[in-house]
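Participant: Okay, so here is data.csv, and as you'll see once you scroll down, it has CSV, C-alpha atoms.
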```
chain,number,residue,atom,x,y,z
L,1,MET,CA,-62.7,-29.0,8.0
L,2,THR,CA,-63.2,-32.1,6.0
L,3,PRO,CA,-60.2,-34.4,5.5
L,4,ARG,CA,-60.3,-33.7,1.8
L,5,TRP,CA,-59.9,-29.9,2.4
L,6,ARG,CA,-57.1,-30.6,4.8
L,7,TYR,CA,-55.2,-32.4,2.1
L,8,TRP,CA,-55.8,-29.6,-0.3
L,9,LEU,CA,-54.6,-27.0,2.2
L,10,LEU,CA,-51.5,-29.1,3.1
L,11,GLY,CA,-50.8,-29.5,-0.6
L,12,ALA,CA,-51.1,-25.8,-1.2
L,13,LEU,CA,-48.7,-25.0,1.7
L,14,PHE,CA,-46.2,-27.6,0.5
L,15,LEU,CA,-46.3,-26.1,-3.0
L,16,ALA,CA,-45.8,-22.5,-1.6
L,17,VAL,CA,-42.8,-23.7,0.4
L,18,ALA,CA,-41.3,-25.4,-2.7
L,19,ILE,CA,-41.8,-22.3,-4.8
L,20,ALA,CA,-40.2,-20.1,-2.2
L,21,ALA,CA,-37.2,-22.5,-1.9
L,22,ILE,CA,-36.6,-22.2,-5.6
L,23,TYR,CA,-37.4,-18.5,-6.0
L,24,LEU,CA,-35.5,-17.1,-2.9
L,25,PRO,CA,-31.9,-18.0,-4.1
L,26,ILE,CA,-32.8,-16.5,-7.6
L,27,LEU,CA,-34.1,-13.3,-5.9
L,28,ARG,CA,-31.0,-13.1,-3.7
L,29,ARG,CA,-28.8,-13.5,-6.8
L,30,ASN,CA,-30.7,-10.8,-8.7
L,31,ILE,CA,-30.4,-8.4,-5.8
L,32,ARG,CA,-26.7,-9.0,-5.6
L,33,GLN,CA,-26.3,-8.4,-9.4
L,34,ALA,CA,-28.4,-5.2,-9.2
L,35,ALA,CA,-26.2,-3.9,-6.4
L,36,LYS,CA,-23.0,-4.7,-8.4
L,37,LEU,CA,-24.4,-3.0,-11.5
L,38,GLN,CA,-25.3,0.1,-9.5
L,39,GLN,CA,-21.8,0.3,-8.1
L,40,ARG,CA,-20.3,-0.1,-11.6
L,41,SER,CA,-22.7,2.5,-12.9
L,42,GLU,CA,-21.6,5.0,-10.2
L,43,GLU,CA,-18.0,4.4,-11.1
L,44,GLN,CA,-18.7,4.8,-14.8
L,45,ALA,CA,-20.6,8.0,-14.2
L,46,ARG,CA,-17.8,9.4,-12.2
L,47,ARG,CA,-15.3,8.5,-15.0
L,48,GLU,CA,-17.5,10.0,-17.6
L,49,LEU,CA,-17.8,13.2,-15.7
L,50,THR,CA,-14.0,13.5,-15.1
L,51,GLN,CA,-12.5,12.0,-18.3
L,52,PRO,CA,-10.9,12.9,-20.5
L,53,THR,CA,-9.1,15.9,-19.4
L,54,VAL,CA,-9.3,18.6,-22.0
L,55,ILE,CA,-6.1,18.9,-23.9
L,56,ASN,CA,-6.0,22.3,-25.4
L,57,PRO,CA,-3.8,22.3,-28.6
L,58,SER,CA,-3.0,26.0,-28.0
L,59,ASP,CA,-1.3,25.1,-24.7
L,60,PRO,CA,2.5,25.4,-25.0
L,61,ARG,CA,4.2,22.1,-25.8
L,62,VAL,CA,6.7,21.4,-23.1
L,63,LYS,CA,8.8,18.4,-22.3
L,64,ALA,CA,7.1,16.7,-19.4
L,65,LYS,CA,9.0,14.3,-17.2
L,66,LEU,CA,7.1,11.1,-16.5
L,67,PHE,CA,8.4,8.5,-14.1
L,68,TRP,CA,7.9,4.8,-14.9
L,69,ALA,CA,9.8,1.7,-13.9
L,70,SER,CA,13.4,1.6,-14.9
L,71,GLY,CA,13.2,-2.1,-15.7
L,72,ALA,CA,16.0,-2.9,-13.3
L,73,ASP,CA,13.9,-5.2,-11.0
L,74,ASP,CA,15.0,-3.2,-8.0
L,75,GLY,CA,12.0,-1.0,-7.7
L,76,THR,CA,13.7,2.1,-9.2
L,77,LEU,CA,12.1,4.5,-11.5
L,78,SER,CA,13.5,6.4,-14.4
L,79,ALA,CA,12.4,9.7,-16.0
L,80,VAL,CA,11.1,9.7,-19.5
L,81,SER,CA,10.7,13.0,-21.4
L,82,VAL,CA,7.4,13.3,-23.3
L,83,GLU,CA,6.4,16.4,-25.3
L,84,LEU,CA,2.9,17.4,-24.3
L,85,PRO,CA,0.7,20.5,-24.6
L,86,LEU,CA,0.5,21.4,-20.9
L,87,SER,CA,-1.7,24.0,-19.3
L,88,ASN,CA,-0.3,26.7,-17.0
L,89,ASP,CA,-3.1,26.1,-14.6
L,90,PRO,CA,-1.6,23.7,-12.0
L,91,VAL,CA,-4.8,21.6,-11.6
L,92,LEU,CA,-5.2,21.1,-15.3
L,93,ARG,CA,-1.5,20.5,-15.7
L,94,ALA,CA,-1.5,17.9,-13.0
L,95,LYS,CA,-4.4,16.1,-14.6
L,96,GLN,CA,-2.7,16.1,-18.0
L,97,VAL,CA,0.5,14.6,-16.7
L,98,LEU,CA,-1.2,12.1,-14.4
L,99,ASN,CA,-3.5,10.9,-17.2
L,100,THR,CA,-0.4,10.5,-19.4
L,101,LEU,CA,1.3,8.6,-16.6
L,102,LEU,CA,-1.8,6.3,-16.2
L,103,ALA,CA,-1.9,5.7,-20.0
L,104,GLY,CA,1.5,4.1,-19.5
L,105,PRO,CA,4.8,3.9,-21.3
L,106,VAL,CA,5.4,2.4,-24.8
L,107,ASP,CA,6.9,-0.7,-23.1
L,108,THR,CA,3.9,-1.9,-21.0
L,109,GLU,CA,6.3,-3.9,-18.8
L,110,LEU,CA,7.5,-0.6,-17.3
L,111,ARG,CA,4.0,0.4,-16.1
L,112,THR,CA,3.8,1.4,-12.4
L,113,VAL,CA,0.0,1.6,-12.2
L,114,PRO,CA,-2.6,-0.8,-13.4
L,115,PRO,CA,-3.9,-0.1,-17.0
L,116,ASP,CA,-7.5,0.2,-15.8
L,117,ALA,CA,-6.8,2.8,-13.1
L,118,ALA,CA,-8.3,6.2,-13.7
L,119,LEU,CA,-7.9,9.7,-12.2
L,120,LEU,CA,-11.3,10.6,-11.0
L,121,ALA,CA,-10.6,14.1,-9.6
L,122,PHE,CA,-7.7,16.3,-8.6
L,123,TYR,CA,-7.7,19.2,-6.1
L,124,LEU,CA,-5.0,21.6,-5.1
L,125,LEU,CA,-5.3,23.3,-1.7
L,126,PRO,CA,-3.8,26.7,-1.1
L,127,ASP,CA,-1.1,25.2,1.1
L,128,GLY,CA,0.2,23.1,-1.8
L,129,THR,CA,-1.5,19.9,-0.7
L,130,ALA,CA,-2.7,18.0,-3.8
L,131,ILE,CA,-5.5,15.5,-3.4
L,132,ALA,CA,-5.6,12.9,-6.2
L,133,ASP,CA,-8.7,10.7,-6.3
L,134,PHE,CA,-8.2,7.5,-8.2
L,135,SER,CA,-10.6,4.8,-9.2
L,136,GLU,CA,-10.7,1.6,-7.2
L,137,ALA,CA,-8.7,-0.2,-9.9
L,138,LEU,CA,-5.6,1.5,-8.6
L,139,ALA,CA,-5.9,-0.5,-5.3
L,140,THR,CA,-7.5,-3.7,-6.6
L,141,SER,CA,-5.5,-4.3,-9.8
L,142,ILE,CA,-2.0,-3.4,-8.6
L,143,PRO,CA,0.3,-6.3,-7.8
L,144,SER,CA,0.3,-6.6,-4.0
L,145,GLY,CA,3.6,-5.9,-2.3
L,146,ILE,CA,5.6,-3.2,-0.7
L,147,GLN,CA,7.8,-2.7,-3.7
L,148,SER,CA,5.1,-2.5,-6.3
L,149,GLU,CA,2.9,-0.2,-4.2
L,150,GLN,CA,5.8,2.1,-3.4
L,151,MET,CA,6.7,2.3,-7.1
L,152,ALA,CA,3.1,3.3,-7.9
L,153,VAL,CA,3.0,6.1,-5.4
L,154,ASP,CA,6.6,7.2,-6.2
L,155,SER,CA,5.8,7.4,-9.9
L,156,ILE,CA,2.8,9.6,-9.2
L,157,ALA,CA,4.6,11.8,-6.6
L,158,LYS,CA,7.7,12.2,-8.7
L,159,THR,CA,5.7,13.0,-11.9
L,160,LEU,CA,3.9,15.8,-10.0
L,161,GLU,CA,7.1,17.1,-8.4
L,162,ALA,CA,8.8,17.3,-11.9
L,163,ASN,CA,5.9,19.0,-13.7
L,164,VAL,CA,3.7,20.8,-11.2
L,165,PRO,CA,6.0,22.9,-9.0
L,166,LYS,CA,3.1,24.2,-6.8
L,167,VAL,CA,2.4,20.7,-5.3
L,168,ARG,CA,4.1,20.3,-1.9
L,169,ARG,CA,2.3,17.3,-0.6
L,170,LEU,CA,0.2,14.5,-2.1
L,171,LYS,CA,-2.8,12.8,-0.5
L,172,ILE,CA,-4.2,9.9,-2.4
L,173,LEU,CA,-7.9,8.9,-2.2
L,174,ILE,CA,-9.5,5.8,-3.7
L,175,HIS,CA,-12.9,6.4,-5.2
L,176,GLY,CA,-13.4,9.5,-3.0
L,177,GLN,CA,-12.5,7.7,0.2
L,178,GLU,CA,-9.5,7.9,2.5
L,179,VAL,CA,-8.0,4.4,2.8
L,180,GLU,CA,-5.4,3.0,5.2
L,181,THR,CA,-3.2,1.3,2.6
L,182,LEU,CA,-3.0,1.0,-1.2
L,183,ALA,CA,-3.2,-2.8,-1.4
L,184,GLY,CA,-2.4,-3.9,2.1
L,185,HIS,CA,1.1,-2.5,2.6
L,186,LEU,CA,1.8,1.1,1.7
L,187,ASP,CA,0.4,3.7,4.0
L,188,LEU,CA,-2.1,6.0,2.3
L,189,SER,CA,-3.5,7.5,5.5
L,190,GLN,CA,-0.9,10.3,5.5
L,191,ALA,CA,0.1,12.8,2.8
L,192,PHE,CA,3.4,12.2,0.9
L,193,LEU,CA,5.9,15.0,0.8
L,194,VAL,CA,6.4,15.9,-2.9
L,195,ASN,CA,8.3,19.2,-3.0
L,196,ALA,CA,9.2,20.8,0.3
L,197,ASN,CA,10.6,23.9,-1.5
L,198,ALA,CA,7.5,24.7,-3.4
L,199,ALA,CA,6.1,28.2,-2.9
L,200,ILE,CA,3.0,28.5,-0.7
L,201,ALA,CA,0.1,30.6,-1.8
L,202,PRO,CA,-0.3,34.0,-0.1
L,203,ARG,CA,-1.9,33.7,3.4
L,204,ALA,CA,-5.0,35.6,2.2
L,205,ALA,CA,-5.8,32.8,-0.2
L,206,MET,CA,-5.6,30.2,2.6
L,207,THR,CA,-8.8,31.2,4.1
L,208,GLY,CA,-10.8,30.6,1.0
L,209,ALA,CA,-12.0,27.5,-0.7
L,210,PRO,CA,-9.6,25.1,-2.5
L,211,VAL,CA,-7.8,26.8,-5.5
L,212,SER,CA,-9.6,24.5,-7.9
L,213,THR,CA,-11.5,21.3,-8.0
L,214,GLY,CA,-11.4,18.4,-10.3
L,215,ALA,CA,-15.0,18.6,-11.3
L,216,GLY,CA,-14.9,22.3,-11.9
L,217,SER,CA,-11.9,22.5,-14.1
L,218,ASN,CA,-12.5,19.8,-16.7
Q,1,MET,CA,-5.6,-11.4,2.6
Q,2,GLY,CA,-2.5,-10.3,0.8
Q,3,ALA,CA,-0.8,-11.3,-2.4
Q,4,ARG,CA,-2.1,-14.2,-4.5
Q,5,GLY,CA,-0.2,-16.1,-7.2
Q,6,THR,CA,-1.4,-17.6,-10.4
Q,7,GLY,CA,-0.7,-21.0,-9.0
Q,8,GLY,CA,-3.1,-20.5,-6.1
Q,9,ILE,CA,-0.3,-19.6,-3.7
Q,10,HIS,CA,-1.6,-17.3,-0.9
Q,11,GLU,CA,0.6,-14.8,0.9
Q,12,SER,CA,-1.3,-15.3,4.2
Q,13,ASP,CA,-0.6,-19.1,4.2
Q,14,ILE,CA,3.1,-18.9,3.4
Q,15,VAL,CA,3.9,-16.1,5.9
Q,16,LEU,CA,2.4,-18.2,8.7
Q,17,GLU,CA,4.7,-21.0,7.9
Q,18,PHE,CA,7.7,-18.6,7.5
Q,19,GLY,CA,6.7,-17.1,10.9
Q,20,ALA,CA,6.9,-20.4,12.6
Q,21,GLN,CA,10.4,-21.0,11.3
Q,22,VAL,CA,11.5,-17.4,12.2
Q,23,ARG,CA,10.2,-18.0,15.7
Q,24,THR,CA,12.3,-21.2,16.1
Q,25,ALA,CA,15.4,-19.5,14.8
Q,26,LEU,CA,14.9,-16.5,17.1
Q,27,GLU,CA,14.3,-18.7,20.1
Q,28,ALA,CA,17.5,-20.6,19.3
Q,29,GLN,CA,19.3,-17.2,19.6
Q,30,GLY,CA,17.8,-16.7,23.0
Q,31,PHE,CA,14.9,-14.3,22.1
Q,32,GLN,CA,11.4,-14.5,23.5
Q,33,VAL,CA,9.0,-14.3,20.6
Q,34,VAL,CA,5.4,-13.0,20.5
Q,35,GLN,CA,3.5,-13.7,17.3
Q,36,THR,CA,0.9,-11.1,16.4
Q,37,ARG,CA,-1.1,-13.4,14.2
Q,38,GLN,CA,-2.2,-17.0,14.9
Q,39,GLY,CA,-4.0,-19.2,12.4
Q,40,ASN,CA,-6.5,-17.4,10.2
Q,41,ALA,CA,-6.9,-14.4,12.5
Q,42,ASN,CA,-6.3,-11.1,10.8
Q,43,PRO,CA,-5.6,-8.5,13.5
Q,44,SER,CA,-5.6,-4.8,12.5
Q,45,PHE,CA,-2.4,-2.9,12.0
Q,46,ASP,CA,-3.1,-1.1,15.3
Q,47,ASP,CA,-3.7,-4.3,17.2
Q,48,ARG,CA,-0.4,-5.7,16.0
Q,49,SER,CA,1.4,-2.5,16.9
Q,50,ALA,CA,-0.3,-2.5,20.3
Q,51,MET,CA,1.0,-6.0,21.0
Q,52,ALA,CA,4.5,-4.9,20.0
Q,53,ASN,CA,4.4,-1.6,21.9
Q,54,ALA,CA,3.4,-3.4,25.1
Q,55,GLN,CA,6.8,-5.2,25.2
Q,56,ARG,CA,9.9,-3.7,26.6
Q,57,GLY,CA,13.1,-3.9,24.5
Q,58,ALA,CA,11.3,-5.5,21.6
Q,59,ILE,CA,12.2,-5.6,18.0
Q,60,PHE,CA,9.4,-5.9,15.4
Q,61,VAL,CA,9.6,-8.0,12.2
Q,62,THR,CA,6.8,-8.2,9.7
Q,63,LEU,CA,6.9,-10.8,6.9
Q,64,HIS,CA,5.4,-10.3,3.4
Q,65,ILE,CA,5.4,-12.3,0.2
Q,66,ALA,CA,5.2,-10.0,-2.9
Q,67,SER,CA,3.5,-10.7,-6.2
Q,68,THR,CA,6.4,-9.0,-8.1
Q,69,GLY,CA,10.1,-9.0,-8.0
Q,70,VAL,CA,12.8,-11.5,-9.0
Q,71,PRO,CA,11.9,-14.9,-7.6
Q,72,ARG,CA,14.0,-16.2,-4.7
Q,73,THR,CA,15.1,-12.7,-3.6
Q,74,ALA,CA,14.2,-10.8,-0.4
Q,75,ARG,CA,14.3,-7.2,0.6
Q,76,VAL,CA,14.2,-5.4,3.9
Q,77,TYR,CA,12.2,-2.2,4.4
Q,78,VAL,CA,12.2,0.4,7.1
Q,79,MET,CA,9.9,3.4,7.5
Q,80,ASN,CA,10.8,6.6,5.8
Q,81,ASP,CA,12.0,9.4,8.1
Q,82,LEU,CA,9.0,10.6,10.1
Q,83,ALA,CA,8.9,14.0,11.7
Q,84,SER,CA,8.9,13.6,15.4
Q,85,ALA,CA,6.1,15.5,17.0
Q,86,ALA,CA,7.0,17.7,19.9
Q,87,ASP,CA,5.0,16.4,22.9
Q,88,ALA,CA,5.1,18.2,26.2
Q,89,THR,CA,4.3,14.9,28.1
Q,90,GLY,CA,7.3,13.2,26.5
Q,91,LEU,CA,5.1,10.4,25.3
Q,92,ILE,CA,5.4,9.1,21.7
Q,93,PRO,CA,2.3,10.0,19.5
Q,94,TRP,CA,0.6,6.8,18.3
Q,95,ASP,CA,0.5,7.7,14.6
Q,96,ARG,CA,4.2,8.5,14.5
Q,97,ALA,CA,5.4,5.9,17.0
Q,98,GLN,CA,8.1,4.7,14.7
Q,99,ALA,CA,9.7,8.2,14.4
Q,100,PRO,CA,12.2,7.9,17.3
Q,101,PHE,CA,13.2,4.4,16.2
Q,102,VAL,CA,13.9,5.0,12.5
Q,103,SER,CA,17.7,5.0,12.8
Q,104,LEU,CA,17.7,1.9,15.0
Q,105,SER,CA,15.3,0.2,12.6
Q,106,ARG,CA,17.8,1.0,9.8
Q,107,LYS,CA,20.7,-0.5,11.8
Q,108,LEU,CA,18.6,-3.7,12.4
Q,109,GLY,CA,17.6,-3.7,8.7
Q,110,ASP,CA,21.2,-3.4,7.5
Q,111,GLN,CA,22.2,-6.4,9.6
Q,112,VAL,CA,19.4,-8.5,8.2
Q,113,SER,CA,19.8,-7.2,4.6
Q,114,ALA,CA,23.5,-8.1,4.5
Q,115,LEU,CA,22.7,-11.7,5.5
Q,116,LEU,CA,19.9,-12.0,3.1
Q,117,ALA,CA,22.1,-10.7,0.2
Q,118,GLN,CA,24.7,-13.4,1.0
Q,119,ARG,CA,22.0,-16.1,1.1
Q,120,PHE,CA,19.8,-15.1,-1.8
Q,121,LYS,CA,21.6,-13.8,-4.9
Q,122,GLY,CA,20.1,-10.7,-6.3
Q,123,SER,CA,18.7,-9.4,-3.0
Q,124,PRO,CA,19.8,-5.9,-2.1
Q,125,ALA,CA,22.5,-5.7,0.6
Q,126,VAL,CA,21.1,-2.3,1.8
Q,127,THR,CA,17.9,-1.6,3.5
Q,128,GLN,CA,15.2,0.1,1.5
Q,129,THR,CA,12.8,2.7,2.8
Q,130,ALA,CA,9.0,2.8,2.2
Q,131,SER,CA,5.9,4.1,4.0
Q,132,VAL,CA,4.8,0.7,5.3
Q,133,ARG,CA,1.6,1.2,7.3
Q,134,GLN,CA,2.5,-1.5,9.8
Q,135,LEU,CA,5.8,0.0,10.8
Q,136,ARG,CA,4.5,3.6,11.3
Q,137,THR,CA,2.7,2.8,14.6
Q,138,THR,CA,5.3,0.5,16.0
Q,139,ALA,CA,7.4,2.0,18.9
Q,140,ALA,CA,10.4,-0.3,18.5
Q,141,PRO,CA,13.1,-1.0,16.0
Q,142,ALA,CA,10.9,-2.4,13.2
Q,143,ILE,CA,11.6,-4.0,9.8
Q,144,ALA,CA,9.4,-5.4,7.0
Q,145,VAL,CA,10.9,-8.4,5.1
Q,146,GLU,CA,9.4,-8.9,1.7
Q,147,ILE,CA,10.1,-12.2,-0.2
Q,148,SER,CA,9.6,-12.6,-4.0
Q,149,SER,CA,7.2,-14.0,-5.0
Q,150,VAL,CA,3.9,-15.7,-5.0
Q,151,THR,CA,4.0,-15.9,-8.8
Q,152,VAL,CA,6.3,-18.9,-8.9
Q,153,GLU,CA,4.7,-22.0,-10.4
Q,154,ASP,CA,5.9,-24.3,-7.8
Q,155,ARG,CA,5.4,-23.4,-4.1
Q,156,ALA,CA,8.4,-25.4,-3.1
Q,157,GLN,CA,10.6,-22.7,-4.6
Q,158,ILE,CA,9.3,-20.3,-1.9
Q,159,ASP,CA,9.2,-22.9,0.9
Q,160,HIS,CA,12.9,-23.7,0.3
Q,161,MET,CA,13.7,-20.0,1.2
Q,162,ALA,CA,12.2,-20.3,4.7
Q,163,PRO,CA,15.2,-21.6,6.6
Q,164,GLY,CA,17.5,-19.0,5.0
Q,165,ILE,CA,15.1,-16.2,5.7
Q,166,ALA,CA,14.6,-17.3,9.3
Q,167,ASP,CA,18.4,-17.7,9.9
Q,168,ALA,CA,19.1,-14.2,8.4
Q,169,ILE,CA,16.5,-12.6,10.6
Q,170,ALA,CA,17.7,-14.4,13.8
Q,171,ARG,CA,21.4,-13.8,13.2
Q,172,GLY,CA,20.7,-10.2,12.2
Q,173,ALA,CA,18.7,-9.6,15.4
Q,174,ALA,CA,21.5,-11.2,17.4
Q,175,ALA,CA,24.1,-8.9,15.8
Q,176,PHE,CA,21.8,-5.9,16.5
Q,177,ARG,CA,21.3,-6.7,20.2
Q,178,PRO,CA,24.5,-5.0,21.5
Q,179,ILE,CA,23.6,-1.8,19.6
Q,180,TYR,CA,20.1,-1.5,21.0
Q,181,VAL,CA,20.0,0.4,24.3
Q,182,VAL,CA,16.6,-0.3,25.6
Q,183,PRO,CA,14.6,2.7,27.1
Q,184,ALA,CA,14.0,2.5,30.8
Q,185,ASN,CA,10.2,2.4,30.4
Q,186,PRO,CA,7.8,1.3,27.7
Q,187,GLY,CA,6.7,4.3,25.6
Q,188,GLU,CA,9.9,6.2,26.2
Q,189,ARG,CA,12.2,7.4,23.4
Q,190,PRO,CA,15.3,5.3,22.8
```
Kindly return the structure encoded in the file as structure tokens.
Facilitator:
Amino acid sequence: MTPRWRYWLLGALFLAVAIAAIYLPILRRNIRQAAKLQQRSEEQARRELTQPTVINPSDPRVKAKLFWASGADDGTLSAVSVELPLSNDPVLRAKQVLNTLLAGPVDTELRTVPPDAALLAFYLLPDGTAIADFSEALATSIPSGIQSEQMAVDSIAKTLEANVPKVRRLKILIHGQEVETLAGHLDLSQAFLVNANAAIAPRAAMTGAPVSTGAGSN
Amino acid sequence: MGARGTGGIHESDIVLEFGAQVRTALEAQGFQVVQTRQGNANPSFDDRSAMANAQRGAIFVTLHIASTGVPRTARVYVMNDLASAADATGLIPWDRAQAPFVSLSRKLGDQVSALLAQRFKGSPAVTQTASVRQLRTTAAPAIAVEISSVTVEDRAQIDHMAPGIADAIARGAAAFRPIYVVPANPGERP
């Protein structure tokens, strides 16, 4: 190889390395953005599938009890009566009251759950165990701390207890996954006792599939 | 890791400093102290419980800084009542390790709560209950102390609380000591 060709070859190699050095970080950033976009799209798709819960105007209007912060700065909740058309089907009814709870009270200072949190699915097992699947915002947007996390779960559990008598226990999932804590403190690995006195479905029903599923009853 | 305030205050940084002061105060009361976290390490809940459960006659205190609540107040939490699992071996199930200790935890919590309420106006004088993940797997009288809050503009407002928090925990633990009958062997019910 002549010295001239060697220079050309070295020059071409140097150029290739320089282009790669510029292009690789851009490529990496694009891949990261694409992954984020895909994650967001999945979440959006789930929300579109599950929201909004059908409110049937022919459902009887009843006074639902919703639990939001009392405003007393001590982590207590207070019940607020809201007149809503509520289904007699426990799964639909649970979705209706939980979506109203998530929408928040008139005074936004009394919210117990983040405004961008959404109920993705709700299941009720024959033994009275409710499984509520919330979007990631419930865990990521909630103010971190024992008191605020406990208030969020209490408001969900008490609202179910007051309006959906068939719910005995509550298991909370985040984006379809079982998580150890809500935002670093409150234990979500176990189910919460909601209403120990609720009637259990007849034993025959226990062997079957869940009473109803979130996706199927929208 | 943990709560974060608008002024860039991080829970993880503050609790480490509070932990050092609590350690000094407890040692001054004659306690031997084992810290479950050093520096930037972030052991799992189970790792921390394992360290506590390996001690005999231990009490467990976990510190938190909330991002809500009235600034310059503090609250003490103990685990909700847990159903004790019947175990033929007599051993305590890991996932409900706190169950036999709940009433002792409440007694420890009440001692500390009363002192915190005297020290920090607006703090509850009674112990609160919550399903705190860290407490559930701890086989010892265990409390979580939560301080408000990382949302203060000036970090000094929280830092000024550290000696009072440390003193309340140490004096509360000292007052609790005569009540605590230590099981003969680790892993035994109290």
Participant: Using all atoms listed in the file, which residue out of L:Asp154, L:Glu161, L:Asp73, L:Asp116 lies closest to chain Q?
Facilitator: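 Checking each of L:Asp154, L:Glu161, L:Asp73, L:Asp116 against chain Q, counting all atoms listed in the file, the winner is L:Asp73.
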Participant: Compare Q:Gly39, Q:Gly109, Q:Pro71, Q:Pro190 by their minimum atom-to-atom distance to chain L, counting all atoms listed in the file, and give me the closest one.
Facilitator: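 Of all the options, Q:Pro71 lies closest to chain L.
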Participant: Residues at most 6 Å from region 54-62 of chain Q, counting only C-alpha atoms, excluding those fewer than 2 positions away in the same chain, as a PDB file with C-alpha atoms, in the coordinates of the input?
Facilitator:
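Dumped to result02.pdb:
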```pdb
ATOM      1  CA  MET Q  51       1.000  -6.000  21.000  1.00  0.00           C
ATOM      2  CA  ALA Q  52       4.500  -4.900  20.000  1.00  0.00           C
ATOM      3  CA  ALA Q 140      10.400  -0.300  18.500  1.00  0.00           C
ATOM      4  CA  PRO Q 141      13.100  -1.000  16.000  1.00  0.00           C
ATOM      5  CA  ALA Q 142      10.900  -2.400  13.200  1.00  0.00           C
ATOM      6  CA  ILE Q 143      11.600  -4.000   9.800  1.00  0.00           C
ATOM      7  CA  ALA Q 144       9.400  -5.400   7.000  1.00  0.00           C
ATOM      8  CA  VAL Q 182      16.600  -0.300  25.600  1.00  0.00           C
ATOM      9  CA  PRO Q 186       7.800   1.300  27.700  1.00  0.00           C
TER      10      PRO Q 186
END
```
Participant: Please find the residues of chain L near chain Q - the criterion being any atom within 7 Å, counting all atoms listed in the file - and write them as an MDAnalysis selection string.
Facilitator: chainID L and resid 73 143:145 148 150 181 184:187
Participant: Could you turn the residues from that selection into a file that holds C-alpha atoms, as a PDB file, keeping the file's coordinate frame?
Facilitator:
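That gives us result-v9.pdb:
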```pdb
ATOM      1  CA  ASP L  73      13.900  -5.200 -11.000  1.00  0.00           C
ATOM      2  CA  PRO L 143       0.300  -6.300  -7.800  1.00  0.00           C
ATOM      3  CA  SER L 144       0.300  -6.600  -4.000  1.00  0.00           C
ATOM      4  CA  GLY L 145       3.600  -5.900  -2.300  1.00  0.00           C
ATOM      5  CA  SER L 148       5.100  -2.500  -6.300  1.00  0.00           C
ATOM      6  CA  GLN L 150       5.800   2.100  -3.400  1.00  0.00           C
ATOM      7  CA  THR L 181      -3.200   1.300   2.600  1.00  0.00           C
ATOM      8  CA  GLY L 184      -2.400  -3.900   2.100  1.00  0.00           C
ATOM      9  CA  HIS L 185       1.100  -2.500   2.600  1.00  0.00           C
ATOM     10  CA  LEU L 186       1.800   1.100   1.700  1.00  0.00           C
ATOM     11  CA  ASP L 187       0.400   3.700   4.000  1.00  0.00           C
TER      12      ASP L 187
END
```
Participant: Within 12 Å of Asp167 (chain Q), counting all atoms listed in the file, which residues show up once you throw out same-chain ones fewer than 5 positions away? Write them as a list in words, please.
Facilitator: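 So, after excluding close chain neighbours, the residues are Phe18, Gly19, Gln21, Val22, Arg23, Thr24, Ala25, Leu26, Glu27, Ala28, Gln29, Gln111, Val112, Ser113, Leu115, Leu116, Gln118, Arg119, Met161, Ala162, Gly172, Ala173 and Ala174 of chain Q.
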Participant: For C-alpha atoms, I'd like the residues from the last selection saved as a CSV table (one decimal), in the frame of the given file.
Facilitator:
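Result file follows (out-v9.csv):
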```
chain,number,residue,atom,x,y,z
Q,18,PHE,CA,7.7,-18.6,7.5
Q,19,GLY,CA,6.7,-17.1,10.9
Q,21,GLN,CA,10.4,-21.0,11.3
Q,22,VAL,CA,11.5,-17.4,12.2
Q,23,ARG,CA,10.2,-18.0,15.7
Q,24,THR,CA,12.3,-21.2,16.1
Q,25,ALA,CA,15.4,-19.5,14.8
Q,26,LEU,CA,14.9,-16.5,17.1
Q,27,GLU,CA,14.3,-18.7,20.1
Q,28,ALA,CA,17.5,-20.6,19.3
Q,29,GLN,CA,19.3,-17.2,19.6
Q,111,GLN,CA,22.2,-6.4,9.6
Q,112,VAL,CA,19.4,-8.5,8.2
Q,113,SER,CA,19.8,-7.2,4.6
Q,115,LEU,CA,22.7,-11.7,5.5
Q,116,LEU,CA,19.9,-12.0,3.1
Q,118,GLN,CA,24.7,-13.4,1.0
Q,119,ARG,CA,22.0,-16.1,1.1
Q,161,MET,CA,13.7,-20.0,1.2
Q,162,ALA,CA,12.2,-20.3,4.7
Q,172,GLY,CA,20.7,-10.2,12.2
Q,173,ALA,CA,18.7,-9.6,15.4
Q,174,ALA,CA,21.5,-11.2,17.4
```
Participant: State, in Å with one decimal place, the distance from CA of Leu108 (chain Q) to CA of Val181 (chain Q).
Facilitator: 12.7 Å
